[in-house]
file model-v1.txt (compact mmCIF, C-alpha atoms (C1' of nucleotides) and all ligand atoms)
# COMPACT_ATOMS: atom_id res chain seq x y z
CA MET A 1494 -7.61 -7.20 15.58
CA THR A 1495 -7.43 -8.21 11.93
CA LEU A 1496 -5.65 -11.30 10.73
CA THR A 1497 -3.90 -10.59 7.45
CA HIS A 1498 -2.43 -12.39 4.44
CA LEU A 1499 -4.25 -15.62 5.31
CA GLU A 1500 -3.48 -17.27 1.97
CA ARG A 1501 0.24 -16.49 1.99
CA VAL A 1502 2.23 -19.70 1.55
CA TYR A 1503 4.38 -20.10 4.67
CA PHE A 1504 5.67 -23.64 4.09
CA PRO A 1505 5.87 -24.20 0.32
CA GLN A 1506 7.35 -27.71 0.59
CA VAL A 1507 4.22 -28.99 2.34
CA GLY A 1508 1.76 -26.41 1.05
CA ILE A 1509 0.87 -24.83 4.37
CA VAL A 1510 -0.53 -21.29 4.28
CA LYS A 1511 -0.53 -18.66 7.03
CA ALA A 1512 -4.17 -19.43 7.93
CA GLU A 1513 -3.13 -22.95 8.92
CA VAL A 1514 -0.37 -21.63 11.15
CA LEU A 1515 -2.85 -19.33 12.89
CA GLN A 1516 -5.31 -22.21 13.17
CA TYR A 1517 -2.64 -24.42 14.73
CA TYR A 1518 -1.71 -21.83 17.33
CA LEU A 1519 -5.38 -21.25 18.15
CA GLU A 1520 -5.96 -24.95 18.73
CA VAL A 1521 -2.73 -25.59 20.62
CA ALA A 1522 -3.20 -22.50 22.79
CA PRO A 1523 -4.63 -24.43 25.77
CA TYR A 1524 -1.45 -26.52 25.87
CA LEU A 1525 1.02 -23.80 24.89
CA ILE A 1526 -0.10 -20.77 26.86
CA PRO A 1527 0.69 -22.25 30.31
CA HIS A 1528 4.30 -22.49 29.08
CA LEU A 1529 4.33 -18.86 27.90
CA ARG A 1530 2.42 -17.13 30.70
CA ASP A 1531 4.41 -14.59 32.72
CA ARG A 1532 7.56 -15.16 30.66
CA PRO A 1533 9.16 -12.35 28.65
CA LEU A 1534 8.97 -13.44 25.03
CA SER A 1535 11.21 -13.10 22.01
CA LEU A 1536 9.74 -13.52 18.55
CA GLU A 1537 11.34 -15.28 15.60
CA ARG A 1538 9.53 -13.79 12.62
CA TYR A 1539 9.21 -14.94 8.98
CA PRO A 1540 6.72 -12.46 7.50
CA GLU A 1541 7.19 -13.87 3.98
CA GLY A 1542 7.14 -17.50 5.03
CA VAL A 1543 9.84 -19.94 6.07
CA GLU A 1544 11.92 -19.46 2.92
CA GLY A 1545 11.98 -15.68 3.20
CA PRO A 1546 14.10 -13.42 5.39
CA SER A 1547 13.74 -13.69 9.16
CA PHE A 1548 14.67 -11.79 12.27
CA TYR A 1549 14.35 -11.87 16.04
CA GLN A 1550 12.34 -9.27 17.87
CA LYS A 1551 12.12 -8.72 21.60
CA ASP A 1552 11.26 -5.04 21.92
CA ALA A 1553 7.56 -4.28 21.43
CA PRO A 1554 7.22 -1.40 18.95
CA THR A 1555 4.75 1.41 19.60
CA TYR A 1556 2.30 -0.01 17.08
CA PHE A 1557 1.61 -3.11 19.21
CA PRO A 1558 -1.95 -2.79 20.57
CA ASP A 1559 -2.56 -1.43 24.07
CA TRP A 1560 -4.24 -4.63 25.18
CA LEU A 1561 -1.09 -6.70 24.60
CA ARG A 1562 0.78 -6.92 27.91
CA VAL A 1563 4.45 -6.06 27.92
CA THR A 1564 7.13 -6.13 30.59
CA SER A 1565 10.11 -3.79 30.69
CA ILE A 1566 13.45 -5.39 31.42
CA ALA A 1567 16.71 -3.57 31.86
CA ALA A 1568 19.14 -4.75 29.22
CA ALA A 1569 22.21 -6.18 30.89
CA HIS A 1570 24.84 -3.52 30.30
CA ARG A 1571 23.00 -0.77 28.51
CA ALA A 1572 21.09 2.17 29.87
CA LYS A 1573 17.89 1.22 28.12
CA THR A 1574 15.07 -1.17 28.77
CA VAL A 1575 13.44 -3.66 26.46
CA ARG A 1576 9.67 -4.03 26.46
CA HIS A 1577 9.09 -7.75 25.95
CA PRO A 1578 5.62 -8.90 24.91
CA LEU A 1579 3.74 -11.29 27.21
CA VAL A 1580 1.04 -13.73 26.21
CA ASP A 1581 -1.74 -14.80 28.53
CA ASP A 1582 -4.54 -15.60 26.13
CA SER A 1583 -5.10 -16.81 22.59
CA GLY A 1584 -5.83 -13.26 21.41
CA GLY A 1585 -2.34 -12.10 22.29
CA LEU A 1586 -0.88 -15.26 20.84
CA LEU A 1587 -2.66 -14.83 17.52
CA TYR A 1588 -1.68 -11.17 17.31
CA LEU A 1589 2.00 -12.14 17.53
CA VAL A 1590 1.59 -15.03 15.09
CA ASN A 1591 -0.11 -12.70 12.63
CA LEU A 1592 3.11 -10.66 12.57
CA GLY A 1593 4.75 -13.63 10.91
CA THR A 1594 6.06 -15.16 14.12
CA LEU A 1595 6.73 -18.85 13.63
CA THR A 1596 8.66 -19.52 16.83
CA LEU A 1597 8.11 -17.86 20.20
CA HIS A 1598 11.08 -18.07 22.58
CA THR A 1599 10.83 -17.71 26.38
CA THR A 1600 13.14 -16.90 29.25
CA LEU A 1601 13.77 -19.52 31.94
CA ALA A 1602 12.44 -17.34 34.74
CA ARG A 1603 9.04 -15.73 35.20
CA ILE A 1604 8.50 -12.00 35.62
CA ASP A 1605 7.78 -12.16 39.35
CA ASP A 1606 11.32 -13.46 40.01
CA LEU A 1607 13.58 -12.96 37.02
CA ASP A 1608 16.78 -13.92 38.84
CA HIS A 1609 15.63 -17.41 39.80
CA PRO A 1610 14.77 -19.71 36.87
CA ASP A 1611 11.85 -22.07 37.44
CA ILE A 1612 12.83 -24.37 34.59
CA LEU A 1613 16.08 -25.88 33.42
CA VAL A 1614 16.43 -26.66 29.73
CA LEU A 1615 19.37 -28.53 28.31
CA ASP A 1616 19.80 -28.23 24.58
CA ILE A 1617 21.18 -31.33 22.84
CA ASP A 1618 22.54 -30.49 19.38
CA PRO A 1619 23.76 -33.24 17.05
CA PRO A 1620 26.79 -32.60 14.86
CA ALA A 1621 26.24 -30.87 11.53
CA VAL A 1622 28.34 -33.52 9.80
CA LEU A 1623 25.65 -36.14 10.40
CA SER A 1624 22.41 -35.96 8.51
CA GLY A 1625 18.80 -36.34 9.62
CA ALA A 1626 18.17 -39.77 11.09
CA ASP A 1627 21.79 -40.41 12.14
CA ALA A 1628 21.95 -37.07 13.90
CA PHE A 1629 18.76 -37.86 15.74
CA ARG A 1630 20.01 -41.31 16.86
CA ARG A 1631 23.06 -39.64 18.34
CA SER A 1632 20.86 -37.10 20.08
CA ILE A 1633 18.84 -39.88 21.67
CA GLU A 1634 22.00 -41.59 22.86
CA ALA A 1635 23.23 -38.33 24.36
CA ALA A 1636 19.88 -37.60 25.98
CA ARG A 1637 19.83 -41.00 27.69
CA LEU A 1638 23.38 -40.56 28.98
CA LEU A 1639 22.34 -37.19 30.38
CA ARG A 1640 19.17 -38.59 31.90
CA ASP A 1641 21.08 -41.38 33.64
CA GLU A 1642 23.62 -38.93 35.02
CA MET A 1643 20.87 -36.62 36.25
CA ARG A 1644 18.91 -39.46 37.82
CA ALA A 1645 22.02 -40.45 39.72
CA ALA A 1646 21.93 -36.93 41.12
CA GLY A 1647 18.28 -37.29 42.11
CA LEU A 1648 16.91 -35.35 39.16
CA ASP A 1649 14.34 -36.71 36.74
CA PRO A 1650 14.34 -34.76 33.46
CA LEU A 1651 11.67 -34.82 30.76
CA VAL A 1652 12.44 -34.86 27.04
CA LYS A 1653 11.00 -33.30 23.87
CA THR A 1654 11.92 -33.05 20.22
CA SER A 1655 13.36 -29.68 19.29
CA GLY A 1656 11.51 -29.79 15.98
CA LYS A 1657 14.79 -29.09 14.17
CA ARG A 1658 17.58 -31.67 14.62
CA GLY A 1659 18.02 -32.48 18.28
CA LEU A 1660 16.34 -32.87 21.65
CA HIS A 1661 15.63 -30.76 24.71
CA LEU A 1662 15.70 -31.99 28.30
CA GLY A 1663 13.54 -30.12 30.79
CA LEU A 1664 13.42 -30.04 34.56
CA PRO A 1665 11.25 -27.96 36.90
CA LEU A 1666 13.19 -25.90 39.45
CA ASP A 1667 11.98 -24.55 42.76
CA ARG A 1668 13.38 -21.02 42.23
CA ARG A 1669 15.80 -21.27 45.14
CA LEU A 1670 18.89 -21.05 42.95
CA THR A 1671 20.22 -18.20 40.85
CA TYR A 1672 21.24 -18.71 37.23
CA ALA A 1673 24.89 -18.90 38.26
CA GLN A 1674 24.12 -21.58 40.83
CA VAL A 1675 22.06 -23.63 38.39
CA ARG A 1676 24.86 -23.36 35.84
CA GLU A 1677 27.36 -24.57 38.40
CA VAL A 1678 25.34 -27.67 39.31
CA LEU A 1679 24.62 -28.36 35.65
CA GLY A 1680 28.30 -27.89 34.85
CA GLU A 1681 29.25 -30.67 37.25
CA ILE A 1682 26.70 -33.00 35.72
CA LEU A 1683 27.93 -32.22 32.21
CA ALA A 1684 31.56 -32.71 33.16
CA ALA A 1685 30.71 -36.11 34.62
CA VAL A 1686 28.71 -37.34 31.66
CA ILE A 1687 31.24 -36.08 29.12
CA ALA A 1688 34.00 -37.86 31.02
CA ARG A 1689 31.94 -41.02 30.67
CA ALA A 1690 31.55 -40.70 26.87
CA PRO A 1691 34.18 -38.25 25.62
CA ASP A 1692 34.01 -39.58 22.06
CA ARG A 1693 30.28 -38.91 21.87
CA LEU A 1694 29.68 -35.68 23.85
CA THR A 1695 31.22 -32.23 24.01
CA ARG A 1696 30.62 -28.75 25.41
CA GLU A 1697 32.91 -27.26 22.77
CA ALA A 1698 31.31 -24.10 21.41
CA ARG A 1699 33.39 -24.09 18.21
CA LYS A 1700 31.67 -26.22 15.62
CA GLU A 1701 34.89 -27.25 13.92
CA ARG A 1702 36.24 -28.57 17.20
CA ARG A 1703 33.17 -30.70 17.91
CA GLY A 1704 33.85 -33.14 15.09
CA ASP A 1705 31.08 -35.73 15.14
CA ARG A 1706 30.31 -35.29 18.83
CA VAL A 1707 26.95 -34.14 20.16
CA TYR A 1708 26.99 -30.63 21.60
CA LEU A 1709 25.55 -30.20 25.09
CA ASP A 1710 24.53 -26.56 25.12
CA ALA A 1711 24.23 -25.36 28.70
CA LEU A 1712 24.87 -21.76 27.70
CA ARG A 1713 21.17 -21.21 27.52
CA MET A 1714 20.95 -21.23 31.32
CA ALA A 1715 21.54 -17.51 31.64
CA PRO A 1716 19.39 -14.49 32.39
CA GLY A 1717 18.38 -13.00 29.09
CA ALA A 1718 19.00 -16.25 27.26
CA THR A 1719 15.95 -17.83 25.70
CA VAL A 1720 14.73 -21.35 25.04
CA VAL A 1721 12.18 -22.92 22.74
CA PRO A 1722 9.06 -23.91 24.68
CA PRO A 1723 7.06 -27.04 23.82
CA TYR A 1724 4.45 -26.91 21.02
CA VAL A 1725 5.87 -23.94 19.12
CA VAL A 1726 6.38 -24.16 15.36
CA ARG A 1727 9.93 -24.36 14.03
CA ALA A 1728 11.26 -22.83 10.84
CA THR A 1729 11.62 -26.11 8.97
CA ASP A 1730 10.50 -27.36 5.55
CA ASN A 1731 7.76 -29.53 7.04
CA ALA A 1732 6.33 -27.13 9.67
CA ALA A 1733 7.64 -29.25 12.54
CA VAL A 1734 6.80 -28.46 16.15
CA SER A 1735 8.70 -29.09 19.37
CA MET A 1736 6.91 -32.06 20.96
CA PRO A 1737 7.27 -33.62 24.42
CA VAL A 1738 7.66 -37.41 24.24
CA GLU A 1739 8.00 -40.36 26.61
CA TRP A 1740 11.52 -41.62 27.16
CA ASP A 1741 10.68 -45.07 25.78
CA GLU A 1742 8.96 -43.50 22.80
CA LEU A 1743 12.16 -41.96 21.43
CA ASP A 1744 13.22 -45.07 19.49
CA THR A 1745 9.99 -45.00 17.47
CA LEU A 1746 10.79 -41.54 16.07
CA GLU A 1747 12.61 -41.08 12.79
CA HIS A 1748 13.88 -37.58 13.36
CA ALA A 1749 13.50 -34.45 15.46
CA GLY A 1750 10.84 -33.08 13.13
CA ALA A 1751 8.59 -36.11 13.51
CA PHE A 1752 5.65 -34.01 14.72
CA THR A 1753 4.21 -31.13 12.68
CA ILE A 1754 1.34 -28.68 12.87
CA ARG A 1755 -0.66 -31.22 10.86
CA ASP A 1756 -0.52 -34.05 13.43
CA ALA A 1757 0.28 -32.41 16.76
CA LEU A 1758 -3.29 -31.81 17.93
CA PRO A 1759 -4.66 -35.38 17.68
CA ARG A 1760 -1.60 -36.56 19.57
CA LEU A 1761 -2.04 -33.93 22.27
CA GLU A 1762 -5.66 -34.92 22.79
CA ARG A 1763 -4.40 -38.42 23.45
CA THR A 1764 -1.32 -37.71 25.59
CA GLY A 1765 -2.17 -34.42 27.22
CA ASP A 1766 0.72 -32.09 28.10
CA LEU A 1767 3.63 -34.38 28.97
CA TRP A 1768 5.55 -31.28 30.07
CA ALA A 1769 2.79 -29.97 32.34
CA SER A 1770 5.12 -30.06 35.35
CA LEU A 1771 7.23 -27.35 33.69
CA ALA A 1772 4.31 -25.03 33.04
CA GLY A 1773 3.47 -22.32 35.51
CA ALA A 1774 3.88 -23.79 38.98
CA ALA A 1775 7.43 -24.16 40.19
CA GLY A 1776 8.66 -27.15 42.11
CA SER A 1777 8.20 -30.93 41.84
CA GLY A 1778 9.98 -33.80 43.48
CA ASN A 1779 13.24 -32.68 41.97
CA ARG A 1780 15.44 -30.77 44.32
CA MET A 1781 18.47 -29.36 42.63
CA GLU A 1782 20.96 -28.74 45.40
CA GLY A 1783 23.46 -25.97 44.98
CA ASP A 1784 26.70 -25.80 46.83
CA SER A 1785 25.70 -25.52 50.50
CA GLN A 1786 27.87 -22.48 51.14
CA GLU A 1787 26.18 -20.61 48.35
CA LEU A 1788 22.77 -21.68 49.55
CA ASP A 1789 23.56 -20.46 53.07
CA SER A 1790 24.64 -17.11 51.75
CA GLU A 1791 21.38 -16.59 49.93
C1' DG B 871 4.43 -6.52 9.17
C1' DC B 872 4.36 -1.58 9.86
C1' DT B 873 5.71 3.17 9.39
C1' DG B 874 7.23 7.65 7.61
C1' DG B 875 8.83 10.40 4.13
C1' DA B 876 9.39 10.59 -0.91
C1' DA B 877 7.30 10.47 -5.27
C1' DT C 92 -2.67 8.39 -2.44
C1' DT C 93 0.85 5.05 -3.34
C1' DC C 94 5.42 3.34 -2.91
C1' DC C 95 9.27 1.48 -0.68
C1' DA C 96 13.56 1.63 2.28
C1' DG C 97 14.45 0.76 6.74
C1' DC C 98 13.58 -1.71 10.48
C1' DA C 99 12.45 -5.36 13.83
C1' DA C 100 18.27 -9.22 19.39
C1' DC C 101 21.66 -10.13 22.28
C1' DG C 102 24.52 -12.74 25.91
C1' DC C 103 28.29 -15.76 26.62
C1' DA C 104 32.85 -17.86 25.97
C1' DG C 105 37.21 -18.35 24.12
C1' DA C 106 40.96 -16.50 21.52
C1' DT D 613 37.96 -6.47 21.69
C1' DC D 614 36.49 -9.42 18.27
C1' DT D 615 34.29 -13.65 16.54
C1' DG D 616 31.40 -17.74 16.60
C1' DC D 617 27.47 -19.47 18.19
C1' DG D 618 22.62 -20.34 19.22
MN MN A 1801 19.09 -27.19 19.80
MN MN A 1802 21.72 -25.15 20.80
call {"tool": "encode", "arguments": {"input": "model-v1.txt", "output": "C-alpha cells", "more": "lines below"}}
Ligand SMILES: [Mn+2]
Ligand SMILES: [Mn+2]
result
Amino acid sequence: MTLTHLERVYFPQVGIVKAEVLQYYLEVAPYLIPHLRDRPLSLERYPEGVEGPSFYQKDAPTYFPDWLRVTSIAAAHRAKTVRHPLVDDSGGLLYLVNLGTLTLHTTLARIDDLDHPDILVLDIDPPAVLSGADAFRRSIEAARLLRDEMRAAGLDPLVKTSGKRGLHLGLPLDRRLTYAQVREVLGEILAAVIARAPDRLTREARKERRGDRVYLDALRMAPGATVVPPYVVRATDNAAVSMPVEWDELDTLEHAGAFTIRDALPRLERTGDLWASLAGAAGSGNRMEGDSQELDSE
DNA sequence: GCTGGAA
DNA sequence: TTCCAGCAACGCAGA
DNA sequence: TCTGCG
C-alpha cells in the first residue's frame, strides 16, 4: 500500500497537510479502532482537502485491495447490496484515510447482529442562529437536561464533543432491543425533557421551525443510519476531532472544536478512552427497558 | 482518489 | 502515453 | 411523492 499526496494541504487555515492527518490516525488507532471494529463504515471524503468538494461513500469499489474486509448489506428497499468497508487494524484505517477520508461514520449495530444496536447515540445540535461559543453553551445546557432525564430512568450516558458545533451523548446497550424499541424508549425520554424545557429544546426537523432551540436528533437511531464515533477528524477549519469529555469538564471548553488532531494524543495518554464502555463489548450497568409486551414478544 | 475511453 | 470527465449515500419524517 | 435534513 502506498500513501500518496503527503504534502497536500488539507487544512489551509491551520497549515495541516495530509501526512499529518495520516499520522494522527496512525497514533489514535489504538483508541479509535475498538470503536470501528465489526461496524459497517461510511466514508466522508475530501480528496482535495477540507475546502474542496466532498462526498460520502459506503460501497467499496472494485479497486479496494483484497485484504480490506468488507461486509455486504442489503439496502433497505432496493434489490442490491452495498459492500461496506470494515476496519480492524491500522493498515485498513490508513488505506481509507489515504483516499481522502476525513471522517469515518459507523452504524449503531455490529455485523454479528445488525438488527440490535449495541450503542445509543443522541445528537445534540445547537441552533444555526447562534454562533460558536453561545451555541456550545446551549448544547451543554441541553446535554445536562438530557443526562438528568436519563439518569432518572436509570441510564447513565457519557458525553463527547462532536468536533463541529454540538455534543453527542452515548450509552452502551445490551442488544436486547430492536431499533424500533430503542427509538420508542428514547422518544419517551425526549418528550419528557422537552416538556420540561420547551423554550430550549426541540425535535423539530425543520430548521426554520426550531428558532433558537437546540435540536435533539434521535433520527440517527435507525438501521442504516450512521453516527460519528469518538476520535475521528471533522471537516472543520481547525482539524477538530470528536473528543469524549467528563461531565464536569464541559464548562472549561470554549466550543465543540476544542480538541484537534494537534492536541488529542497527549490528552488521550492522560485520560485514556473515556468512551471505552461503548467500544466492542455490549452491556454495562445500564439496562434500557423496552415496553414489557414488546420484550415478551421477542 | 481511481478508472476507462478519448486525444 | 497522457488527459480528464465521471464517479464515489441514503433513510426518515412531515407536508 | 417530494423536500429538508443530517
Ligand atoms: Mn450533530
Ligand atoms: Mn444532527
call {"tool": "closest_residue", "arguments": {"input": "model-v1.txt", "among": "A:Ala1711, A:Ala1728, A:Ala1733, A:Ala1772", "to": "ligand MN 1802 (chain A)", "atoms": "all atoms listed in the file"}}
result
A:Ala1711
call {"tool": "interface_residues", "arguments": {"input": "model-v1.txt", "of": "chain A", "to": "chain C", "cutoff": "8 Å", "atoms": "only C-alpha atoms (C1' of nucleotides)", "output": "list in words"}}
result
Phe1548, Tyr1549, Gln1550, Lys1551, Ala1698, Leu1712, Gly1717 and Ala1718 of chain A
call {"tool": "interface_residues", "arguments": {"input": "model-v1.txt", "of": "chain B", "to": "chain A", "cutoff": "10 Å", "atoms": "only C-alpha atoms (C1' of nucleotides)", "output": "number ranges by chain"}}
result
B: 871-873
call {"tool": "write_last_selection", "arguments": {"input": "model-v1.txt", "atoms": "C-alpha atoms (C1' of nucleotides)", "output": "PDB file, in the frame of the given file"}}
result
ATOM      1  C1'  DG B 871       4.430  -6.520   9.170  1.00  0.00           C
ATOM      2  C1'  DC B 872       4.360  -1.580   9.860  1.00  0.00           C
ATOM      3  C1'  DT B 873       5.710   3.170   9.390  1.00  0.00           C
TER       4       DT B 873
END
call {"tool": "atom_distance", "arguments": {"input": "model-v1.txt", "atom1": "CA of Asp1705 in chain A", "atom2": "CA of Met1643 in chain A"}}
result
23.5 Å
call {"tool": "closest_atom_pairs", "arguments": {"input": "model-v1.txt", "of": "chain A", "to": "ligand MN 1801 (chain A)", "cutoff": "12 Å", "atoms": "all atoms listed in the file", "output": "JSON lines"}}
result
{"residue": "A:Val1614", "atom": "CA", "partner": "A:MN1801", "partner_atom": "MN", "distance": 10.3}
{"residue": "A:Leu1615", "atom": "CA", "partner": "A:MN1801", "partner_atom": "MN", "distance": 8.6}
{"residue": "A:Asp1616", "atom": "CA", "partner": "A:MN1801", "partner_atom": "MN", "distance": 4.9}
{"residue": "A:Ile1617", "atom": "CA", "partner": "A:MN1801", "partner_atom": "MN", "distance": 5.5}
{"residue": "A:Asp1618", "atom": "CA", "partner": "A:MN1801", "partner_atom": "MN", "distance": 4.8}
{"residue": "A:Pro1619", "atom": "CA", "partner": "A:MN1801", "partner_atom": "MN", "distance": 8.1}
{"residue": "A:Pro1620", "atom": "CA", "partner": "A:MN1801", "partner_atom": "MN", "distance": 10.6}
{"residue": "A:Ala1621", "atom": "CA", "partner": "A:MN1801", "partner_atom": "MN", "distance": 11.5}
{"residue": "A:Ala1628", "atom": "CA", "partner": "A:MN1801", "partner_atom": "MN", "distance": 11.9}
{"residue": "A:Phe1629", "atom": "CA", "partner": "A:MN1801", "partner_atom": "MN", "distance": 11.4}
{"residue": "A:Ser1632", "atom": "CA", "partner": "A:MN1801", "partner_atom": "MN", "distance": 10.1}
{"residue": "A:Lys1653", "atom": "CA", "partner": "A:MN1801", "partner_atom": "MN", "distance": 10.9}
{"residue": "A:Thr1654", "atom": "CA", "partner": "A:MN1801", "partner_atom": "MN", "distance": 9.3}
{"residue": "A:Ser1655", "atom": "CA", "partner": "A:MN1801", "partner_atom": "MN", "distance": 6.3}
{"residue": "A:Gly1656", "atom": "CA", "partner": "A:MN1801", "partner_atom": "MN", "distance": 8.9}
{"residue": "A:Lys1657", "atom": "CA", "partner": "A:MN1801", "partner_atom": "MN", "distance": 7.3}
{"residue": "A:Arg1658", "atom": "CA", "partner": "A:MN1801", "partner_atom": "MN", "distance": 7.0}
{"residue": "A:Gly1659", "atom": "CA", "partner": "A:MN1801", "partner_atom": "MN", "distance": 5.6}
{"residue": "A:Leu1660", "atom": "CA", "partner": "A:MN1801", "partner_atom": "MN", "distance": 6.6}
{"residue": "A:His1661", "atom": "CA", "partner": "A:MN1801", "partner_atom": "MN", "distance": 7.0}
{"residue": "A:Leu1662", "atom": "CA", "partner": "A:MN1801", "partner_atom": "MN", "distance": 10.3}
{"residue": "A:Val1707", "atom": "CA", "partner": "A:MN1801", "partner_atom": "MN", "distance": 10.5}
{"residue": "A:Tyr1708", "atom": "CA", "partner": "A:MN1801", "partner_atom": "MN", "distance": 8.8}
{"residue": "A:Leu1709", "atom": "CA", "partner": "A:MN1801", "partner_atom": "MN", "distance": 8.9}
{"residue": "A:Asp1710", "atom": "CA", "partner": "A:MN1801", "partner_atom": "MN", "distance": 7.6}
{"residue": "A:Ala1711", "atom": "CA", "partner": "A:MN1801", "partner_atom": "MN", "distance": 10.4}
{"residue": "A:Leu1712", "atom": "CA", "partner": "A:MN1801", "partner_atom": "MN", "distance": 11.2}
{"residue": "A:Arg1713", "atom": "CA", "partner": "A:MN1801", "partner_atom": "MN", "distance": 10.0}
{"residue": "A:Thr1719", "atom": "CA", "partner": "A:MN1801", "partner_atom": "MN", "distance": 11.5}
{"residue": "A:Val1720", "atom": "CA", "partner": "A:MN1801", "partner_atom": "MN", "distance": 9.0}
{"residue": "A:Val1721", "atom": "CA", "partner": "A:MN1801", "partner_atom": "MN", "distance": 8.6}
{"residue": "A:Pro1722", "atom": "CA", "partner": "A:MN1801", "partner_atom": "MN", "distance": 11.6}
{"residue": "A:Arg1727", "atom": "CA", "partner": "A:MN1801", "partner_atom": "MN", "distance": 11.2}
{"residue": "A:Ser1735", "atom": "CA", "partner": "A:MN1801", "partner_atom": "MN", "distance": 10.6}
{"residue": "A:Ala1749", "atom": "CA", "partner": "A:MN1801", "partner_atom": "MN", "distance": 10.1}
